[in-house]
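Below is one structure, written out as structure tokens; comments come after it.
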Amino acid sequence: MEELKQDEKESFEALKQILYDGAQLYEHREIQEEKRLFIIFRLLQNYYSIESSKIKEILKRPKITPLPFSPPFISGVTPFRGNILSVTDLKRILGLAREEDREGMKVIVVESRTMETGILVDEVIDSVEVSVKQIEPLPEEIKGVLEGVWRWRDRWVGMVCVENVLEKGRERRDEDSTIRNLEPTEEIF
């Protein structure tokens, strides 16, 4: 009986030590701040970003073949890993002035679910980890392709919502296409 009381007392002391050690760890543990990794790019003089988990690859500007009857925000198509990739002109979607293509432009290949596109950008600037607390959401009435903004150095950086870019392409494919506006007697080629 005495042995049983001794084992019980030792077990109680061991449990008490485990709880004490756990409490100490909890008190001294750094609370990890949730962060997201973004690729920052430039369109004209404005800075934008895409979450790196949505980016498949960044390419030097490939040869882009114009696609007849495509919506105005589709620059064209280019071969990509054995497939055809549409190239989206984000400047057109955002209502920015269009410049001539020049050296140094890149295409950021993005994907979400089963859809992908290349986004034509003037320059890829940096890869930055951003605290979720830094991100300021945009008001619902102006949300669209951009879903929020955050400060980086002395600039505001717009967060591009890849899903909305891809959805815009799907929505406007029929709406903007000249093909459905042709009379049956008109020849396309």
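Simple scheme: letters A, B, ... for chains in structure tokens order, numbers from 1 for residues in each chain, numbers from 1 for ligands in the order shown.
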
Practice task
Determine, counting only C-alpha atoms, which protein, DNA and RNA residues have an atom within 7 Å of an atom of Ile108 (chain A); residues of the same chain fewer than 3 positions away are not included. Present the result as number ranges by chain.
Solution key: A: 55, 57-59, 118-120

May I have the residues from that selection written out with N, CA and C atoms, as a PDB file, in the first residue's frame?
```pdb
ATOM      1  N   ILE A  55       1.734  31.657 -58.885  1.00  0.00           N
ATOM      2  CA  ILE A  55       2.646  31.805 -60.021  1.00  0.00           C
ATOM      3  C   ILE A  55       3.275  30.469 -60.365  1.00  0.00           C
ATOM      4  N   GLU A  57       5.382  30.261 -63.288  1.00  0.00           N
ATOM      5  CA  GLU A  57       6.697  30.545 -63.851  1.00  0.00           C
ATOM      6  C   GLU A  57       6.755  32.008 -64.299  1.00  0.00           C
ATOM      7  N   ILE A  58       7.959  32.552 -64.386  1.00  0.00           N
ATOM      8  CA  ILE A  58       8.160  33.889 -64.935  1.00  0.00           C
ATOM      9  C   ILE A  58       9.058  33.733 -66.159  1.00  0.00           C
ATOM     10  N   LEU A  59       8.587  34.259 -67.294  1.00  0.00           N
ATOM     11  CA  LEU A  59       9.293  34.097 -68.563  1.00  0.00           C
ATOM     12  C   LEU A  59       9.799  35.429 -69.083  1.00  0.00           C
ATOM     13  N   GLY A 118      -0.874  33.997 -69.050  1.00  0.00           N
ATOM     14  CA  GLY A 118       0.353  34.747 -68.833  1.00  0.00           C
ATOM     15  C   GLY A 118      -0.027  36.208 -68.672  1.00  0.00           C
ATOM     16  N   ILE A 119       0.537  36.881 -67.699  1.00  0.00           N
ATOM     17  CA  ILE A 119       0.252  38.302 -67.492  1.00  0.00           C
ATOM     18  C   ILE A 119       1.482  39.089 -67.926  1.00  0.00           C
ATOM     19  N   LEU A 120       1.275  39.963 -68.902  1.00  0.00           N
ATOM     20  CA  LEU A 120       2.355  40.775 -69.453  1.00  0.00           C
ATOM     21  C   LEU A 120       2.664  41.923 -68.490  1.00  0.00           C
TER      22      LEU A 120
END
```

Please report as a tab-separated table every residue of region 117-166 of chain A lying within 9 Å of region 37-40 of chain A, along with the nearest atom pair and their distance in Å (one decimal), using only C-alpha atoms.
```
residue	atom	partner	partner_atom	distance
A:Glu123	CA	A:Ile40	CA	8.9
A:Val124	CA	A:Ile40	CA	6.2
A:Ile125	CA	A:Ile40	CA	5.4
A:Asp126	CA	A:Ile40	CA	5.2
A:Ser127	CA	A:Ile39	CA	4.5
A:Val128	CA	A:Phe38	CA	5.3
A:Glu129	CA	A:Leu37	CA	4.3
A:Val130	CA	A:Leu37	CA	6.2
A:Ser131	CA	A:Leu37	CA	8.9
A:Val157	CA	A:Ile40	CA	7.7
A:Met159	CA	A:Phe38	CA	8.7
```

Kindly export the residues of the current selection with all heavy atoms, as a PDB file, in the first residue's frame.
```pdb
ATOM      1  N   GLU A 123       8.150  44.964 -65.791  1.00  0.00           N
ATOM      2  CA  GLU A 123       9.365  44.572 -65.077  1.00  0.00           C
ATOM      3  C   GLU A 123       8.981  43.818 -63.805  1.00  0.00           C
ATOM      4  O   GLU A 123       8.035  44.192 -63.121  1.00  0.00           O
ATOM      5  CB  GLU A 123      10.145  45.840 -64.708  1.00  0.00           C
ATOM      6  CG  GLU A 123      11.387  45.624 -63.925  1.00  0.00           C
ATOM      7  CD  GLU A 123      12.059  46.935 -63.508  1.00  0.00           C
ATOM      8  OE1 GLU A 123      11.419  48.014 -63.573  1.00  0.00           O
ATOM      9  OE2 GLU A 123      13.218  46.870 -63.104  1.00  0.00           O
ATOM     10  N   VAL A 124       9.712  42.751 -63.502  1.00  0.00           N
ATOM     11  CA  VAL A 124       9.553  42.059 -62.219  1.00  0.00           C
ATOM     12  C   VAL A 124      10.564  42.699 -61.278  1.00  0.00           C
ATOM     13  O   VAL A 124      11.742  42.804 -61.589  1.00  0.00           O
ATOM     14  CB  VAL A 124       9.783  40.541 -62.354  1.00  0.00           C
ATOM     15  CG1 VAL A 124       9.780  39.878 -60.987  1.00  0.00           C
ATOM     16  CG2 VAL A 124       8.716  39.920 -63.258  1.00  0.00           C
ATOM     17  N   ILE A 125      10.079  43.171 -60.125  1.00  0.00           N
ATOM     18  CA  ILE A 125      10.908  43.963 -59.213  1.00  0.00           C
ATOM     19  C   ILE A 125      11.548  43.127 -58.102  1.00  0.00           C
ATOM     20  O   ILE A 125      12.754  43.184 -57.892  1.00  0.00           O
ATOM     21  CB  ILE A 125      10.072  45.086 -58.551  1.00  0.00           C
ATOM     22  CG1 ILE A 125       9.377  45.951 -59.591  1.00  0.00           C
ATOM     23  CG2 ILE A 125      10.906  45.913 -57.601  1.00  0.00           C
ATOM     24  CD1 ILE A 125      10.285  46.822 -60.404  1.00  0.00           C
ATOM     25  N   ASP A 126      10.732  42.379 -57.359  1.00  0.00           N
ATOM     26  CA  ASP A 126      11.266  41.722 -56.162  1.00  0.00           C
ATOM     27  C   ASP A 126      10.300  40.643 -55.683  1.00  0.00           C
ATOM     28  O   ASP A 126       9.153  40.556 -56.133  1.00  0.00           O
ATOM     29  CB  ASP A 126      11.435  42.766 -55.049  1.00  0.00           C
ATOM     30  CG  ASP A 126      12.472  42.382 -54.006  1.00  0.00           C
ATOM     31  OD1 ASP A 126      12.930  41.223 -53.994  1.00  0.00           O
ATOM     32  OD2 ASP A 126      12.836  43.246 -53.192  1.00  0.00           O
ATOM     33  N   SER A 127      10.773  39.858 -54.748  1.00  0.00           N
ATOM     34  CA  SER A 127       9.967  38.863 -54.039  1.00  0.00           C
ATOM     35  C   SER A 127       9.966  39.297 -52.577  1.00  0.00           C
ATOM     36  O   SER A 127      11.033  39.498 -52.001  1.00  0.00           O
ATOM     37  CB  SER A 127      10.629  37.500 -54.197  1.00  0.00           C
ATOM     38  OG  SER A 127      10.050  36.571 -53.341  1.00  0.00           O
ATOM     39  N   VAL A 128       8.768  39.484 -51.991  1.00  0.00           N
ATOM     40  CA  VAL A 128       8.671  40.049 -50.645  1.00  0.00           C
ATOM     41  C   VAL A 128       7.686  39.257 -49.799  1.00  0.00           C
ATOM     42  O   VAL A 128       6.598  38.911 -50.262  1.00  0.00           O
ATOM     43  CB  VAL A 128       8.200  41.528 -50.721  1.00  0.00           C
ATOM     44  CG1 VAL A 128       8.044  42.123 -49.349  1.00  0.00           C
ATOM     45  CG2 VAL A 128       9.147  42.360 -51.546  1.00  0.00           C
ATOM     46  N   GLU A 129       8.076  39.008 -48.544  1.00  0.00           N
ATOM     47  CA  GLU A 129       7.172  38.385 -47.584  1.00  0.00           C
ATOM     48  C   GLU A 129       6.435  39.501 -46.850  1.00  0.00           C
ATOM     49  O   GLU A 129       7.061  40.430 -46.340  1.00  0.00           O
ATOM     50  CB  GLU A 129       7.991  37.546 -46.603  1.00  0.00           C
ATOM     51  CG  GLU A 129       7.206  36.442 -45.971  1.00  0.00           C
ATOM     52  CD  GLU A 129       8.096  35.519 -45.169  1.00  0.00           C
ATOM     53  OE1 GLU A 129       8.904  36.009 -44.352  1.00  0.00           O
ATOM     54  OE2 GLU A 129       7.970  34.306 -45.364  1.00  0.00           O
ATOM     55  N   VAL A 130       5.103  39.420 -46.824  1.00  0.00           N
ATOM     56  CA  VAL A 130       4.283  40.488 -46.258  1.00  0.00           C
ATOM     57  C   VAL A 130       3.405  39.921 -45.148  1.00  0.00           C
ATOM     58  O   VAL A 130       2.752  38.890 -45.327  1.00  0.00           O
ATOM     59  CB  VAL A 130       3.386  41.122 -47.352  1.00  0.00           C
ATOM     60  CG1 VAL A 130       2.498  42.199 -46.778  1.00  0.00           C
ATOM     61  CG2 VAL A 130       4.236  41.678 -48.469  1.00  0.00           C
ATOM     62  N   SER A 131       3.375  40.620 -44.032  1.00  0.00           N
ATOM     63  CA  SER A 131       2.503  40.241 -42.934  1.00  0.00           C
ATOM     64  C   SER A 131       1.052  40.477 -43.350  1.00  0.00           C
ATOM     65  O   SER A 131       0.731  41.498 -43.954  1.00  0.00           O
ATOM     66  CB  SER A 131       2.822  41.088 -41.700  1.00  0.00           C
ATOM     67  OG  SER A 131       1.796  40.975 -40.747  1.00  0.00           O
ATOM     68  N   VAL A 157       1.464  49.073 -53.044  1.00  0.00           N
ATOM     69  CA  VAL A 157       1.506  47.956 -53.979  1.00  0.00           C
ATOM     70  C   VAL A 157       0.107  47.350 -54.030  1.00  0.00           C
ATOM     71  O   VAL A 157      -0.453  46.972 -53.000  1.00  0.00           O
ATOM     72  CB  VAL A 157       2.535  46.886 -53.523  1.00  0.00           C
ATOM     73  CG1 VAL A 157       2.522  45.701 -54.469  1.00  0.00           C
ATOM     74  CG2 VAL A 157       3.924  47.492 -53.414  1.00  0.00           C
ATOM     75  N   MET A 159      -2.576  44.455 -54.810  1.00  0.00           N
ATOM     76  CA  MET A 159      -2.608  42.992 -54.840  1.00  0.00           C
ATOM     77  C   MET A 159      -3.565  42.535 -55.930  1.00  0.00           C
ATOM     78  O   MET A 159      -4.770  42.770 -55.851  1.00  0.00           O
ATOM     79  CB  MET A 159      -3.121  42.442 -53.508  1.00  0.00           C
ATOM     80  CG  MET A 159      -2.134  42.425 -52.415  1.00  0.00           C
ATOM     81  SD  MET A 159      -2.870  41.863 -50.850  1.00  0.00           S
ATOM     82  CE  MET A 159      -3.915  40.530 -51.328  1.00  0.00           C
TER      83      MET A 159
END
```

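In this comparison, which uses only C-alpha atoms, the residue of A:Lys133, A:Ser49, A:Arg36, A:Asn83 approaching Glu116 (chain A) most closely is A:Asn83.
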
Completion exercise
Taken to one decimal, the CA of Gly148 (chain A)-CA of Leu43 (chain A) distance is 16.6 Å

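Among the candidates A:Glu147, A:Glu13, A:Asp122, A:Asp89, the residue lying nearest to Gly104 (chain A) is A:Asp122 (atoms considered: only C-alpha atoms).
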
Exercise for the section: Pull the strand (DSSP E or B) assignments for region 71-167 of chain A out of DSSP run on the backbone, and list those residues as a ChimeraX atom specification. Expected result: /A:74-80,83-89,106-112,115-121,123-131,136-137,146-152,155-160

Problem - Two-atom distance - CA of Phe73 (chain A), CA of Lys91 (chain A) (Å) - result: 7.9 Å

Fill in the blank from the handout: note - CA of Val145 (chain A) and CA of Val160 (chain A) are separated by 5.8 Å
